Every structure is written in structure tokens, then in C-alpha cells.
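As provided, work-v4.pdb (PDB, C-alpha atoms) reads as follows.
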ATOM      1  CA  MET A   1      21.577  25.365 -15.833
ATOM      2  CA  LYS A   2      24.992  25.428 -17.439
ATOM      3  CA  ASN A   3      25.461  23.535 -20.657
ATOM      4  CA  ILE A   4      26.663  19.998 -20.027
ATOM      5  CA  ASP A   5      27.907  17.731 -22.740
ATOM      6  CA  GLN A   6      25.624  14.680 -22.891
ATOM      7  CA  THR A   7      28.496  12.218 -23.392
ATOM      8  CA  ASP A   8      30.533  13.692 -20.523
ATOM      9  CA  PHE A   9      27.518  13.491 -18.253
ATOM     10  CA  GLU A  10      26.815   9.905 -19.318
ATOM     11  CA  ASN A  11      30.393   8.915 -18.571
ATOM     12  CA  TRP A  12      30.253  10.631 -15.194
ATOM     13  CA  LEU A  13      26.941   8.941 -14.384
ATOM     14  CA  GLN A  14      28.284   5.563 -15.409
ATOM     15  CA  ARG A  15      31.411   6.048 -13.294
ATOM     16  CA  ARG A  16      29.395   7.207 -10.322
ATOM     17  CA  THR A  17      26.739   4.473 -10.512
ATOM     18  CA  LYS A  18      29.530   1.886 -10.750
ATOM     19  CA  SER A  19      31.206   3.279  -7.639
ATOM     20  CA  LEU A  20      27.966   3.253  -5.628
ATOM     21  CA  PRO A  21      27.873   0.302  -3.270
ATOM     22  CA  GLN A  22      25.465  -2.539  -3.978
ATOM     23  CA  PRO A  23      22.657  -2.972  -1.442
ATOM     24  CA  GLU A  24      23.975  -5.306   1.246
ATOM     25  CA  VAL A  25      22.334  -8.728   1.142
ATOM     26  CA  SER A  26      23.247 -11.120   3.942
ATOM     27  CA  SER A  27      23.301 -14.898   3.574
ATOM     28  CA  GLU A  28      20.704 -15.177   6.356
ATOM     29  CA  PHE A  29      18.365 -12.891   4.467
ATOM     30  CA  LEU A  30      18.781 -14.953   1.297
ATOM     31  CA  ALA A  31      18.247 -18.207   3.202
ATOM     32  CA  ALA A  32      15.043 -16.839   4.749
ATOM     33  CA  GLN A  33      13.915 -15.708   1.309
ATOM     34  CA  ARG A  34      14.584 -19.185  -0.121
ATOM     35  CA  ARG A  35      12.613 -20.814   2.704
ATOM     36  CA  SER A  36       9.708 -18.481   1.980
ATOM     37  CA  ILE A  37       9.894 -19.302  -1.745
ATOM     38  CA  TYR A  38       9.915 -23.063  -1.062
ATOM     39  CA  ARG A  39       6.942 -22.657   1.263
ATOM     40  CA  ARG A  40       5.045 -20.768  -1.411
ATOM     41  CA  MET A  41       6.041 -23.327  -4.052
ATOM     42  CA  ASP A  42       4.370 -26.064  -2.008
ATOM     43  CA  GLU A  43       1.213 -24.031  -1.423
ATOM     44  CA  PRO A  44      -1.674 -24.602  -3.818
ATOM     45  CA  GLN A  45      -1.809 -21.835  -6.369
ATOM     46  CA  ARG A  46      -3.887 -18.954  -5.164
ATOM     47  CA  HIS A  47      -6.485 -17.571  -7.475
ATOM     48  CA  TRP A  48      -6.195 -13.943  -6.484
ATOM     49  CA  ILE A  49      -6.431 -12.688 -10.022
ATOM     50  CA  SER A  50      -9.685 -14.481 -10.826
ATOM     51  CA  MET A  51     -11.058 -13.453  -7.420
ATOM     52  CA  ARG A  52     -10.137  -9.862  -8.142
ATOM     53  CA  TRP A  53     -11.999 -10.040 -11.429
ATOM     54  CA  ALA A  54     -15.025 -11.567  -9.745
ATOM     55  CA  LEU A  55     -14.997  -8.828  -7.113
ATOM     56  CA  SER A  56     -14.733  -6.080  -9.738
ATOM     57  CA  LEU A  57     -17.541  -7.645 -11.744
ATOM     58  CA  SER A  58     -19.849  -7.910  -8.735
ATOM     59  CA  MET A  59     -19.103  -4.264  -7.848
ATOM     60  CA  LEU A  60     -19.976  -3.239 -11.398
ATOM     61  CA  VAL A  61     -23.240  -5.206 -11.271
ATOM     62  CA  LEU A  62     -24.106  -3.586  -7.935
ATOM     63  CA  MET A  63     -23.423  -0.117  -9.324
ATOM     64  CA  LEU A  64     -25.529  -0.809 -12.409
ATOM     65  CA  ALA A  65     -28.385  -2.148 -10.280
ATOM     66  CA  GLY A  66     -28.173   0.934  -8.051
ATOM     67  CA  GLY A  67     -28.203   3.225 -11.070
ATOM     68  CA  LEU A  68     -31.216   1.471 -12.581
ATOM     69  CA  THR A  69     -33.148   1.610  -9.309
ATOM     70  CA  LEU A  70     -32.488   5.313  -8.942
ATOM     71  CA  GLU A  71     -33.533   5.979 -12.509
ATOM     72  CA  ARG A  72     -36.761   3.994 -12.101
ATOM     73  CA  ARG A  73     -37.576   5.835  -8.879
ATOM     74  CA  HIS A  74     -36.931   9.108 -10.670
ATOM     75  CA  LYS A  75     -39.277   8.106 -13.481
ATOM     76  CA  THR A  76     -42.098   7.031 -11.134
ATOM     77  CA  ALA A  77     -41.935  10.252  -9.078
ATOM     78  CA  PRO A  78     -45.112  12.360  -9.503
ATOM     79  CA  ALA A  79     -44.621  14.686 -12.376
ATOM     80  CA  ILE A  80     -45.288  18.359 -11.748
ATOM     81  CA  SER A  81     -47.864  19.525 -14.211
ATOM     82  CA  PRO A  82     -46.429  22.146 -16.460
ATOM     83  CA  MET A  83     -47.915  25.600 -16.099
ATOM     84  CA  SER A  84     -48.440  27.856 -19.037
ATOM     85  CA  ASP A  85     -46.997  31.376 -19.069
ATOM     86  CA  ASP A  86     -50.493  32.914 -19.109
ATOM     87  CA  GLN A  87     -51.517  30.938 -16.047
ATOM     88  CA  LEU A  88     -48.320  31.929 -14.234
ATOM     89  CA  PHE A  89     -48.774  35.648 -15.026
ATOM     90  CA  SER A  90     -52.426  35.646 -13.979
ATOM     91  CA  ASP A  91     -51.536  33.945 -10.672
ATOM     92  CA  LEU A  92     -48.776  36.445 -10.057
ATOM     93  CA  SER A  93     -50.975  39.443 -10.807
ATOM     94  CA  ALA A  94     -53.713  38.057  -8.510
ATOM     95  CA  MET A  95     -51.172  37.706  -5.720
ATOM     96  CA  GLU A  96     -49.960  41.229  -6.314
ATOM     97  CA  GLN A  97     -53.450  42.720  -6.229
ATOM     98  CA  ARG A  98     -54.254  41.095  -2.895
ATOM     99  CA  ASN A  99     -53.295  43.710  -0.302
ATOM    100  CA  GLU A 100     -52.366  41.311   2.442
ATOM    101  CA  PRO A 101     -50.594  38.030   2.465
ATOM    102  CA  LYS A 102     -52.721  34.909   2.436
ATOM    103  CA  ALA A 103     -51.147  33.674   5.619
ATOM    104  CA  ILE A 104     -52.678  36.524   7.653
ATOM    105  CA  GLN A 105     -56.260  35.842   6.565
ATOM    106  CA  PRO A 106     -56.975  33.090   9.135
ATOM    107  CA  ILE A 107     -55.815  35.436  11.924
ATOM    108  CA  HIS A 108     -58.385  38.024  10.790
ATOM    109  CA  GLY A 109     -61.012  35.355  11.137
ATOM    110  CA  LEU A 110     -60.285  35.152  14.871
ATOM    111  CA  PHE A 111     -61.311  38.780  15.426
ATOM    112  CA  GLN A 112     -64.428  38.726  13.287
ATOM    113  CA  GLU A 113     -67.714  38.367  15.114
TER
ATOM    114  CA  MET B   1      -5.807 -54.619 -13.063
ATOM    115  CA  MET B   2      -2.848 -54.948 -10.682
ATOM    116  CA  ALA B   3      -0.482 -54.451 -13.598
ATOM    117  CA  ALA B   4      -2.275 -51.234 -14.579
ATOM    118  CA  MET B   5      -2.074 -49.952 -11.008
ATOM    119  CA  ALA B   6       1.627 -50.808 -10.831
ATOM    120  CA  ASP B   7       2.222 -48.982 -14.114
ATOM    121  CA  SER B   8       0.308 -45.943 -12.867
ATOM    122  CA  LEU B   9       2.202 -45.970  -9.557
ATOM    123  CA  GLU B  10       5.500 -46.294 -11.414
ATOM    124  CA  GLY B  11       4.508 -43.395 -13.624
ATOM    125  CA  ASN B  12       3.628 -41.280 -10.604
ATOM    126  CA  LEU B  13       6.887 -42.149  -8.881
ATOM    127  CA  ASP B  14       8.806 -41.284 -12.041
ATOM    128  CA  SER B  15       7.091 -37.915 -12.300
ATOM    129  CA  LEU B  16       7.641 -37.310  -8.566
ATOM    130  CA  ALA B  17      11.334 -38.125  -8.942
ATOM    131  CA  GLU B  18      11.470 -35.830 -11.960
ATOM    132  CA  THR B  19       9.801 -33.038  -9.983
ATOM    133  CA  ARG B  20      12.218 -33.581  -7.063
ATOM    134  CA  GLU B  21      15.179 -33.436  -9.448
ATOM    135  CA  LEU B  22      13.818 -30.320 -11.111
ATOM    136  CA  GLU B  23      13.259 -28.788  -7.676
ATOM    137  CA  ALA B  24      16.839 -29.559  -6.650
ATOM    138  CA  GLN B  25      18.219 -28.046  -9.872
ATOM    139  CA  PHE B  26      15.964 -25.058  -9.477
ATOM    140  CA  GLY B  27      17.161 -24.607  -5.877
ATOM    141  CA  LYS B  28      20.796 -24.460  -6.980
ATOM    142  CA  TRP B  29      20.025 -22.061  -9.793
ATOM    143  CA  MET B  30      17.906 -19.890  -7.494
ATOM    144  CA  ALA B  31      20.747 -19.697  -4.960
ATOM    145  CA  SER B  32      23.127 -18.533  -7.683
ATOM    146  CA  GLU B  33      20.753 -15.880  -9.059
ATOM    147  CA  GLN B  34      19.003 -14.759  -5.886
ATOM    148  CA  ARG B  35      21.330 -11.943  -4.889
ATOM    149  CA  ARG B  36      21.359 -10.458  -8.391
ATOM    150  CA  VAL B  37      17.584 -10.626  -8.715
ATOM    151  CA  PHE B  38      17.060  -9.039  -5.307
ATOM    152  CA  ARG B  39      19.457  -6.207  -6.140
ATOM    153  CA  LEU B  40      17.794  -5.607  -9.487
ATOM    154  CA  CYS B  41      14.381  -5.460  -7.798
ATOM    155  CA  HIS B  42      15.785  -3.171  -5.109
ATOM    156  CA  ARG B  43      17.187  -0.796  -7.719
ATOM    157  CA  MET B  44      13.900  -0.725  -9.584
ATOM    158  CA  LEU B  45      11.567  -0.438  -6.613
ATOM    159  CA  GLN B  46      13.796   1.519  -4.174
ATOM    160  CA  ASP B  47      12.249  -0.390  -1.283
ATOM    161  CA  ALA B  48      13.855  -3.380   0.442
ATOM    162  CA  ALA B  49      10.658  -5.066   1.647
ATOM    163  CA  GLU B  50       8.964  -4.729  -1.706
ATOM    164  CA  ALA B  51      12.109  -5.913  -3.494
ATOM    165  CA  ASP B  52      12.111  -9.030  -1.282
ATOM    166  CA  SER B  53       8.500  -9.741  -2.185
ATOM    167  CA  ALA B  54       9.138  -9.062  -5.896
ATOM    168  CA  ALA B  55      12.186 -11.355  -5.921
ATOM    169  CA  GLN B  56      10.093 -14.133  -4.371
ATOM    170  CA  ASP B  57       7.351 -13.595  -6.945
ATOM    171  CA  THR B  58       9.973 -13.724  -9.702
ATOM    172  CA  PHE B  59      11.271 -17.132  -8.617
ATOM    173  CA  LEU B  60       7.766 -18.475  -8.120
ATOM    174  CA  LYS B  61       6.765 -17.393 -11.615
ATOM    175  CA  ALA B  62       9.961 -18.951 -12.980
ATOM    176  CA  TRP B  63       9.239 -22.201 -11.129
ATOM    177  CA  GLN B  64       5.665 -22.362 -12.388
ATOM    178  CA  ALA B  65       6.842 -21.710 -15.943
ATOM    179  CA  LEU B  66       9.633 -24.291 -15.710
ATOM    180  CA  LYS B  67       7.208 -26.953 -14.539
ATOM    181  CA  ARG B  68       5.478 -26.680 -17.887
ATOM    182  CA  PRO B  69       7.095 -29.062 -20.388
ATOM    183  CA  GLU B  70       7.211 -26.561 -23.278
ATOM    184  CA  SER B  71       9.488 -24.070 -21.512
ATOM    185  CA  LYS B  72      12.331 -26.320 -20.389
ATOM    186  CA  ASN B  73      14.805 -25.445 -23.105
ATOM    187  CA  LEU B  74      15.881 -21.904 -22.464
ATOM    188  CA  ASP B  75      18.721 -20.319 -24.408
ATOM    189  CA  ASP B  76      19.698 -17.905 -21.673
ATOM    190  CA  PRO B  77      18.025 -18.641 -18.326
ATOM    191  CA  GLY B  78      19.626 -15.582 -16.702
ATOM    192  CA  LYS B  79      18.134 -13.218 -19.267
ATOM    193  CA  TRP B  80      14.794 -14.999 -19.043
ATOM    194  CA  LEU B  81      14.786 -14.585 -15.271
ATOM    195  CA  THR B  82      15.782 -10.922 -15.599
ATOM    196  CA  ARG B  83      12.820 -10.421 -17.901
ATOM    197  CA  ILE B  84      10.466 -11.951 -15.331
ATOM    198  CA  ALA B  85      11.999  -9.813 -12.570
ATOM    199  CA  VAL B  86      11.733  -6.589 -14.590
ATOM    200  CA  ASN B  87       8.118  -7.300 -15.539
ATOM    201  CA  THR B  88       7.267  -8.129 -11.927
ATOM    202  CA  CYS B  89       8.800  -4.832 -10.798
ATOM    203  CA  LEU B  90       7.052  -2.885 -13.570
ATOM    204  CA  ASP B  91       3.706  -4.392 -12.502
ATOM    205  CA  ARG B  92       4.370  -3.337  -8.927
ATOM    206  CA  LEU B  93       5.397   0.164  -9.986
ATOM    207  CA  ARG B  94       2.249   0.476 -12.098
ATOM    208  CA  SER B  95       0.048  -0.503  -9.165
ATOM    209  CA  ARG B  96       2.058   1.839  -6.933
ATOM    210  CA  ARG B  97       0.920   4.772  -9.089
ATOM    211  CA  TRP B  98      -2.451   4.489  -7.382
ATOM    212  CA  GLN B  99      -0.838   4.532  -3.971
ATOM    213  CA  PHE B 100      -0.177   8.258  -3.821
ATOM    214  CA  TRP B 101       0.701   8.086  -0.117
ATOM    215  CA  ARG B 102       3.909   6.190  -0.831
ATOM    216  CA  LYS B 103       5.649   8.378  -3.396
ATOM    217  CA  ARG B 104       8.915   8.503  -1.503
ATOM    218  CA  PRO B 105      11.051   5.546  -0.512
ATOM    219  CA  LYS B 106      10.906   4.634   3.165
ATOM    220  CA  SER B 107      13.221   6.719   5.319
ATOM    221  CA  GLU B 108      14.957   3.595   6.689
ATOM    222  CA  ASP B 109      15.723   2.496   3.132
ATOM    223  CA  GLU B 110      17.126   5.902   2.334
ATOM    224  CA  SER B 111      19.314   5.838   5.412
ATOM    225  CA  ALA B 112      20.418   2.300   4.562
ATOM    226  CA  ILE B 113      21.523   3.527   1.142
ATOM    227  CA  LEU B 114      23.324   6.437   2.762
ATOM    228  CA  ASN B 115      25.089   4.173   5.249
ATOM    229  CA  LEU B 116      26.163   1.874   2.471
ATOM    230  CA  ALA B 117      27.554   4.794   0.559
ATOM    231  CA  ALA B 118      29.482   5.853   3.617
ATOM    232  CA  ALA B 119      30.918   2.442   4.271
ATOM    233  CA  THR B 120      33.111   2.161   1.201
ATOM    234  CA  SER B 121      34.460   5.661   0.542
ATOM    235  CA  PRO B 122      37.951   6.470   1.800
ATOM    236  CA  ASN B 123      37.627   9.912   3.391
ATOM    237  CA  ALA B 124      34.933  11.981   5.073
ATOM    238  CA  GLU B 125      34.379  14.423   2.207
ATOM    239  CA  ASP B 126      34.127  11.650  -0.343
ATOM    240  CA  GLN B 127      31.782   9.774   1.950
ATOM    241  CA  LEU B 128      29.491  12.768   2.232
ATOM    242  CA  PHE B 129      29.546  13.326  -1.506
ATOM    243  CA  ALA B 130      28.874   9.647  -2.215
ATOM    244  CA  ARG B 131      25.935   9.811   0.195
ATOM    245  CA  GLN B 132      24.549  12.836  -1.606
ATOM    246  CA  ILE B 133      24.882  11.176  -4.978
ATOM    247  CA  ALA B 134      23.277   7.951  -3.758
ATOM    248  CA  GLN B 135      20.370   9.871  -2.244
ATOM    249  CA  ARG B 136      19.834  12.190  -5.191
ATOM    250  CA  LEU B 137      20.170   9.408  -7.741
ATOM    251  CA  SER B 138      17.721   7.284  -5.799
ATOM    252  CA  ARG B 139      15.206  10.142  -5.811
ATOM    253  CA  ALA B 140      15.851  11.038  -9.431
ATOM    254  CA  LEU B 141      15.239   7.450 -10.507
ATOM    255  CA  THR B 142      11.746   7.566  -9.036
ATOM    256  CA  ARG B 143      10.978  10.518 -11.335
ATOM    257  CA  LEU B 144      11.745   8.559 -14.493
ATOM    258  CA  SER B 145       9.000   6.791 -16.378
ATOM    259  CA  LEU B 146       8.731   3.056 -15.739
ATOM    260  CA  ARG B 147      10.351   2.074 -19.040
ATOM    261  CA  GLN B 148      13.097   4.667 -18.621
ATOM    262  CA  ARG B 149      13.838   3.386 -15.139
ATOM    263  CA  ALA B 150      13.920  -0.217 -16.317
ATOM    264  CA  ALA B 151      16.204   0.611 -19.251
ATOM    265  CA  PHE B 152      18.515   2.715 -17.062
ATOM    266  CA  THR B 153      18.730   0.048 -14.336
ATOM    267  CA  LEU B 154      19.520  -2.698 -16.820
ATOM    268  CA  ARG B 155      22.122  -0.557 -18.592
ATOM    269  CA  HIS B 156      23.920   0.959 -15.626
ATOM    270  CA  TYR B 157      23.480  -1.566 -12.822
ATOM    271  CA  GLU B 158      23.215  -4.821 -14.755
ATOM    272  CA  ASP B 159      25.642  -3.874 -17.554
ATOM    273  CA  ARG B 160      23.280  -5.217 -20.202
ATOM    274  CA  SER B 161      23.872  -4.437 -23.862
ATOM    275  CA  LEU B 162      21.279  -2.486 -25.837
ATOM    276  CA  ALA B 163      20.245  -5.667 -27.658
ATOM    277  CA  GLU B 164      19.750  -7.502 -24.370
ATOM    278  CA  ILE B 165      17.719  -4.650 -22.897
ATOM    279  CA  ALA B 166      15.595  -4.610 -26.034
ATOM    280  CA  GLU B 167      14.956  -8.334 -25.664
ATOM    281  CA  ILE B 168      14.197  -8.132 -21.949
ATOM    282  CA  LEU B 169      11.838  -5.178 -22.307
ATOM    283  CA  ASN B 170      10.362  -6.527 -25.523
ATOM    284  CA  MET B 171      11.047  -3.415 -27.592
ATOM    285  CA  ASN B 172      13.371  -2.542 -30.462
ATOM    286  CA  ILE B 173      16.871  -1.141 -29.973
ATOM    287  CA  GLY B 174      15.859   2.289 -31.257
ATOM    288  CA  THR B 175      13.193   2.580 -28.567
ATOM    289  CA  VAL B 176      15.677   1.485 -25.898
ATOM    290  CA  LYS B 177      18.076   4.208 -27.081
ATOM    291  CA  VAL B 178      15.309   6.804 -26.870
ATOM    292  CA  HIS B 179      14.376   5.694 -23.343
ATOM    293  CA  LEU B 180      18.006   5.785 -22.232
ATOM    294  CA  PHE B 181      18.569   9.195 -23.815
ATOM    295  CA  ARG B 182      15.495  10.663 -22.107
ATOM    296  CA  ALA B 183      16.444   9.054 -18.796
ATOM    297  CA  THR B 184      19.924  10.568 -19.005
ATOM    298  CA  GLU B 185      18.446  13.964 -19.894
ATOM    299  CA  LYS B 186      16.157  13.909 -16.872
ATOM    300  CA  LEU B 187      18.977  12.790 -14.619
ATOM    301  CA  ARG B 188      21.171  15.559 -16.044
ATOM    302  CA  GLU B 189      18.558  18.103 -14.995
ATOM    303  CA  GLU B 190      18.289  16.547 -11.546
ATOM    304  CA  LEU B 191      21.983  16.012 -10.876
ATOM    305  CA  HIS B 192      23.718  18.824 -12.768
ATOM    306  CA  ASP B 193      24.929  20.562  -9.599
ATOM    307  CA  LEU B 194      26.580  17.366  -8.355
ATOM    308  CA  TYR B 195      28.177  16.874 -11.751
ATOM    309  CA  PHE B 196      29.694  20.359 -11.683
ATOM    310  CA  ARG B 197      30.910  19.941  -8.100
ATOM    311  CA  ASP B 198      32.529  16.647  -9.014
ATOM    312  CA  SER B 199      34.135  18.062 -12.172
ATOM    313  CA  GLN B 200      35.829  20.921 -10.336
TER
END
Let me see the file written as C-alpha cells.
Amino acid sequence: MKNIDQTDFENWLQRRTKSLPQPEVSSEFLAAQRRSIYRRMDEPQRHWISMRWALSLSMLVLMLAGGLTLERRHKTAPAISPMSDDQLFSDLSAMEQRNEPKAIQPIHGLFQE
Amino acid sequence: MMAAMADSLEGNLDSLAETRELEAQFGKWMASEQRRVFRLCHRMLQDAAEADSAAQDTFLKAWQALKRPESKNLDDPGKWLTRIAVNTCLDRLRSRRWQFWRKRPKSEDESAILNLAAATSPNAEDQLFARQIAQRLSRALTRLSLRQRAAFTLRHYEDRSLAEIAEILNMNIGTVKVHLFRATEKLREELHDLYFRDSQ
């Protein structure tokens, strides 16, 4: 980007924004807008903001309740009993020493007299 | 008892007449300010439908505030209304940040701006250039921060002084200057090619 003097650019921008046409606003449009404003002035005040707060609060309560339920369910789930390293190694070595998988043993039983 | 009822009825009629008078005055004032407020909202929001809604909200807020007895004596009602309009637009722009699907102004609004630009320029080349500037400026304005956009709009489209902008945006003059400087810098980056073409 070439170097532009800030003041020159500001002047140009000011000149250009001044020369840009204003958005066209017809009298009919303004009259319709006024009618809409008068209609809304006569309406009882809507309580959207308080309703929005109430909705957000109820959502928060629901989320908290959901979170608590999940946590409680997690706590009541049956705990897996911890296994010591010695126990684990002895189980593994027993499995390794068995020459055939446990799942085949019942099939052998079918052929035994 | 009848006297008390008559007094109460008289009081109600007085307050009704007062409200009707206030409503009539407000109607006249609204008619005189409506176009300016709509244009300000349109410049800030870059969307005709949303500007219409924001202008309506502005007048409703003004009406509700004026109904309160403590806010009847305003030094500069125009500036006060501008402040309400700017804050209404800023609120809408803040909530628009969450609406990522509507980053760009509507295409019909863009074309309306382009047609407007075309309508007032004398020759074809100027018309085309004015269209380009209007389009690029409109896009560049959406890239400014909310405060920068508000300060720029008030300065360049509303011709407000720095002190007035500071009052409307509830900040000190130094901060307004910083916002305007940064806005101009960003616009310089966005529009430098148009500036050079225009300077030649």
C-alpha cells in the first residue's frame, strides 16, 4: 500500500461521504412507521426482557439438575474392584501357560466319552 | 363520597388530557425527527428493515421515558434522541454478532444503495465510481468495531462535533478521537485504491 497522508485521506473521505446520497425515505414509509409506533405505544408494555431472564434461569436450573443426576448415577454405578499387580501378573501367566483358549474347552467336552 | 369521586374523575380527566397533549406534541416532534433517526439507524445497521425496527424502538423508548415526570426538561431533545437511537443500534449490532449467518448486508439493500448512488451523479463514469465507493464504504463500515462505527457515523453523516459525540456515546473526547483515528485508519486500508484512483 502506498503511503497516504492521514489528513488528505480524511478530507477525501469526508468529501466523498458528503456526496453520497442519503437513503431514500418516502413519506408513505414514514407514515406507516408512525402508525406502527402509535400502535405499539397503545399496546401494554411487553415483558420480553424479564421473560428472557426467566427462560435463561430455567434452562440453567435444568442443566444443573441434569448434571447432578448424571453425577449421582456415576457415583452409584458398581465400582470395579481394584486388582493388585501381583494378581494381574499371576492371572496373565496362568493364561499364557494354558495351551488352548478357554473358549474351546466346552467343544472338547462334546467329543469326550 | 360523591365529591371525592368527582375529584378523582376530574384528576383522571386532567391526566388524560395531559397525556393526549403530550402525545400530540410527541407526534409532531417524531414527524420532524423521524427521517433523520431512520437514516442514522440505516447507516449504523446497513439494513433497511432492521433500521425501520430500530427507529420504531427508539421512538418508543423516548415516549416511555418522556411519560416519566422526571425526564420532561431536556436541554437538547435531538441529542437525547440520537443517544437513544445509537444505543438501540449498538444493542442490535451486539446481538447480531451471534448471528454469524447474516454478516453481509442484504443484497437488495446493497443494490438500493448502488441505485441511489447512480441516481445523483452526472455522468456514467462518475456514477460507476460513486457506486463503487458506496458499496465499498458500506462493506468497510461493517468491519469497524461498534464504537468506531458509531463515532464515524455521527461524525461524517450527522456532522456532530467531537464534544457531542462524546456526550452521545458517553465517553471522553480523547476516546472519541482515538476511535475516529482507528476508524479512519481501517477505512484507509480498505479504500486506498479508490482514493488513489480518485486523486489521479
Residue hits in chain A, query chain B, radius 10 Å, all atoms listed in the file, as an MDAnalysis selection string: chainID A and resid 1:10 12:27 29:31 33:34 36:38 40:41 45
Closest of B:Arg139, B:Cys89, B:Arg83, B:Pro69 to Leu22 of chain B - atom-to-atom distances counting only C-alpha atoms: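 Looking only at the distances to Leu22 of chain B, the closest residue turns out to be B:Pro69.
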Distance of atom CA of Ile168 of chain B from atom CA of Ala65 of chain B, expressed in Å to one decimal place: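 Calculated distance between atom CA of Ala65 of chain B and atom CA of Ile168 of chain B is 16.6 Å.
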Separation of atom CA of Thr82 of chain B from atom CA of Leu146 of chain B, in Å and rounded to one decimal: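 Computing it gives 15.7 Å between the two atoms.
Interatomic distance, atom CA of Glu18 of chain B against atom CA of Arg35 of chain A: 21.0 Å.
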Arg149 of chain B environment, 9 Å, only C-alpha atoms, sequence neighbours closer than 4 positions dropped, as a list in words: Met44, Leu141, Thr142, Arg143, Leu144, Ser145, Thr153, Leu154, His179, Leu180 and Ala183 of chain B
